Structures are given as C-alpha cells and as structure tokens.
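A short worksheet on the structure shown next.
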Protein chains: 2
Amino acid sequence: MNTNSGKVTLLSAGPGELDLLTLRAAKALAAADVVLLDDLANPEIVTLAPQARVIRVGKRGGCRSTPQAFIERLMRRYAQRGLHVVRVKGGEALLFGRAGEEIATLRDAGIPVEIVNGISSGFAAAAGLGISLTHRRHCHGVTFVTAHKEDHGEPDWAALAATRTTLAIYMGMRRIGSLATALLASLPADTPAAVVQWAGSVDERRLLTRLDRLAADATDAGFGSPAVILVGGAIGESVEPAWADGAVSGDEAAHACAA
Amino acid sequence: MNTNSGKVTLLSAGPGELDLLTLRAAKALAAADVVLLDDLANPEIVTLAPQARVIRVGKRGGCRSTPQAFIERLMRRYAQRGLHVVRVKGGEALLFGRAGEEIATLRDAGIPVEIVNGISSGFAAAAGLGISLTHRRHCHGVTFVTAHKEDHGEPDWAALAATRTTLAIYMGMRRIGSLATALLASLPADTPAAVVQWAGSVDERRLLTRLDRLAADATDAGFGSPAVILVGGAIGESVEPAWADGAVSGDEAAHACAA
C-alpha cells in the first residue's frame, strides 16, 4: 500500500481547444507536480500547470515514440515519491488509448488513481457539423470504433453496419479506402458521411460527403490524421451552417484540388 | 434572417457534478440572459448564471412535462428578442435528447446556434468503475444506444451484440429484464455487466455483476432511472477500486435486500 500522498490523475484533455477542458481538469492541472503530456493533446495545456514539471510522452506515428511500459514506469515512480502526477491524454481517456493498462498498473502498485473525463473528438466533430449523433429520425445510437489494426484487430464492418447506428470511426484515415469499401457492402452508396480533422481545435476542417465518395473526396481535399470519420443517416442532417468555419464540401474540395 | 444579436447555446450540462462542466460551458452560462433547464441537469447549475432568467423545461416521466414544441418556441422567442438563450441539456447534448430537432428549428428561424459539448453519463459511469470503455484486450469500440422505444424504436439487440463492442445502454432500466434476455441470446451468461445510477453525480451508485444476473441484481438492489447499463468484456476490468465510493456488488446488494 502507498504510504505517502502521491497519486495519478488520468486526465482527458479533450479535442484541442483549452476551454473544452472540464473545470475539474483545470483544477487537477493547477495542482499537478508532474505532467505527462500525450502528443495528441494541445501542448498549450501546460499553461494551466505552470508549476509542474512537464514530460512529453507521445506515441503517435511509431518513430520518436515513448514505449507504453516506460510511461507507466514514470507514473509509478513520481507517484511513489509522493507527487501528484497528471497523465494528460488527448480526447476522452476512457475511449481508446491505453487507460485500461495504466489503471491496472497503478492499481497493482497501490497508487490511487483519479479519472477525469473529457470531450472525445467524435462529439466535437458532431458539434462542428451541427448535428446530433443520434437523431431519432435516423438511428437509436452511435458506435465509436477504432480502425487501428495493431491495437484492436480489424473491426467487423458488416456487423457494425448492421446495427444501423451512426459510426464514429477513429484512426481510420490510413485505411479510409478499404473501410469505405467494406461498409459499402452493407450500406447504401448515398449514406451520408463526413470527415472532421482536428475536431474541436482551431485547425478543425470538415468534409461532408457520401459513403461512395468518402475516400476519394477525403484524399482529394488532403484530409489526414488525426480525424474522425462519421457515417450514417444522422450525418445528413448537417447543412454546414453559416455560423461555422472550416467547412469543405466534397465538390469544393475536388474543385480546389483541380485548380 | 436574424437582425439582432440573439442566439441560442445548446449546452451540455454533463452528468451532474458541476465541475464536470467545460470551461466553455461555464463561460456561456455566465453570459446567458435566459436559461432553459432540462430536468436531468443538476439544478445547481443556475448558480453559474446568477443574472439569467431561469425556466424549467423538463420532459422526464411523461407527466408534468413540457412539450418539445413549446421548448422550441421559447428558444426562438427569446433569441428573436436579441437575448442569449442557453438551453441546458443533461449529459452530452448531441447524444440522445432532441438536439437534432432543436438545431433544425433554430436554423430555419435564422437564429445562430452554438453547441457546447459535455460529458455523457456513459463516460462518467466508466470513470466510476475505473475502466476504459474500449480496453483493447476485449473490444475495438463502444456503442451508445437508447432502449427508449418511443424515441427510437426497439434496438436490434442481436445486431448490437454481434459487434462485440462494449454496450452502453441509456434509458434501459424500465426494460432491463427483456433487454438482458435478448442479449443473452447472443452473449455468454457470464459477460460482465454493470449498472451505474446517477453516474458522475454525488448520488452515484454502481452495481457490478454479469449478464445473466443483471436484471435480478439491479432490481434487488433497487436501481432505477436515470442509469446507464454497461455490458461487455471491458466491464470485467473493474475491481471496484478502494479509492471509489458508492459501489454495490451483486452479492452485497442481494444481502442488503434480504436483510
């Protein structure tokens, strides 16, 4: 059992803009001794923890990465010295990422863990598009799924399509062509689809299209990671409202690319 | 087109505790002229909008309810008078509820809409249980689905089970028996399951059990709405950690009830 006052807060940094952090997250950052910073989180978040030692522990892309085991060792080490460690994770800590492993490691070491929820990029993407993810005219739910093979194996796209829920696909940009093809085996070609890159950040870009043009439009418009891909009837409620910035329609994207 | 400065903010109040609001939500409340308050939101949220006129517009339960059309009329009326209307919705505004209809109504009236994301109770429930919703040992995603027939029809439980995603079932307490039975046709009896009532509020209660005992345990322990039902292998990672309050295991619940 831990005999000092060290602890770890797994903190959801939300999708980017700092005012999308919760009040609880801001308070935890202000009290942090050490901040372990995920590279999907907005680096400006450290301004909310001016007193803390900041350690960058990104894992994106493969190279220049910090191994998961090393991150977990860092958390343990600092907490066991009695420090308040805030592990900042992009989006919502409990959706994808390795929160499960980190919680288990800390629990095994007798280190108290606090979890602070946040806004996942799929919700920020829906806000940017001006839509409910579960408009009752279209569906009874939404499925958040990762297309990242290494972490979770390939999803069963046919089974996911059969739910008729809105699909919010994370980490799918590298295989947008193959996943769209797989979904087209189960869903109509004109199923509304969207890509939102850097959702909920100042760099947000949105593409509104349909499933059969999803991959081509996203490629033509130069969309890449990190992005959320949204598929389903509810997405068709978006009209890219006048009060929003950052929208690219499929046609405009193609035009801009041809010019 | 709207010629004055009126607007509507669809504001996600999160699951209950006020510090789970985002910084952006707190700022919007502080600037509100009128607050339309959902009865699933924590009523203390009005302390963040001390200058605003507060109108309670709950719809829960059927009786004493405010019709949706009337809520939409109120939003339009106040915004068209040039006021900043903040429509407070429990949880995340873009997950269930009627955000889709409200956005369409306001758009048709030429009223600017801002959407402020928040924490949905399914994420707060996972935080209470100390688990990731998508532990990669178990699944590649999570499906949020409503069991509320009137709004969305009955979900296809077999199709949902076939995704092997974690299921986060909202508004399911009235039919917990029938939905558990339906899921048992597709999932093993010992599939981990949980109920979290008032997730993310000071009244949070948690029940950790398995699918074949879900309905009986929840009934025995007196769990009711509002609650999130969670089903899937990832839920089994919960060990009801020592640092959390409010836990009731299936056995304890049965014992407490028998006593």
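Following the order of the structure tokens, first chain is A, next is B, and so on, with residues numbered from 1 inside each chain and ligands from 1 in the order they appear.
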Residues of chain B no more than 7 Å from chain A, counting only C-alpha atoms: send them over as a ChimeraX atom specification. /B:19-24,94-96,99-100,112,115,117-119,123-124,127,131-136,139-146,151-152,155-156,159-160,162-163,243
Near His84 in chain A, counting only C-alpha atoms, which residues have an atom at most 9 Å away, once you skip same-chain residues fewer than 5 positions from it, shown as a PyMOL selection string? chain A and resi 5-9+28+31-35+78-79
Please extract the residues of range 48-250 of chain B with a backbone DSSP assignment of alpha helix (DSSP H) and present them as number ranges by chain. B: 68-80, 99-108, 121-129, 149-152, 157-162, 176-184, 214-220, 250
Find the spatial neighbours of Leu40 in chain A, counting only C-alpha atoms, within a cut-off of 10 Å - ignore same-chain residues fewer than 6 positions away - and output them as an MDAnalysis selection string. chainID A and resid 13:16 58:60 88:91 198 226
Atomic distance CA of Ala218 in chain A - CA of Arg175 in chain A, expressed in Å with one decimal: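 CA of Ala218 in chain A sits 11.5 Å away from CA of Arg175 in chain A.
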DSSP-assigned strand (DSSP E) members of range 97-148 of chain A, reported as a list in words: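 Matching residues, listed in order: Val113, Glu114, Ile115, Val116, Gly141, Val142, Thr143, Phe144, Val145 and Thr146 of chain A.
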Serialized selection, C-alpha atoms, as a compact mmCIF listing (two decimals), in the first residue's frame:
```
# COMPACT_ATOMS: atom_id res chain seq x y z
CA VAL A 113 -5.92 6.89 -9.48
CA GLU A 114 -8.40 9.61 -10.28
CA ILE A 115 -10.02 9.67 -13.69
CA VAL A 116 -11.19 12.97 -15.15
CA GLY A 141 -27.36 5.01 -31.14
CA VAL A 142 -23.79 5.67 -32.11
CA THR A 143 -20.79 3.34 -32.23
CA PHE A 144 -17.29 4.58 -31.57
CA VAL A 145 -14.81 2.23 -33.16
CA THR A 146 -11.11 2.29 -33.93
```
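Here CA of Ala182 in chain B is placed at a distance of 10.5 Å from CA of Leu211 in chain B.
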Atomic separation - CA of Pro192 in chain B relative to CA of Ile71 in chain A, Å: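 These atoms are spaced 28.8 Å apart.
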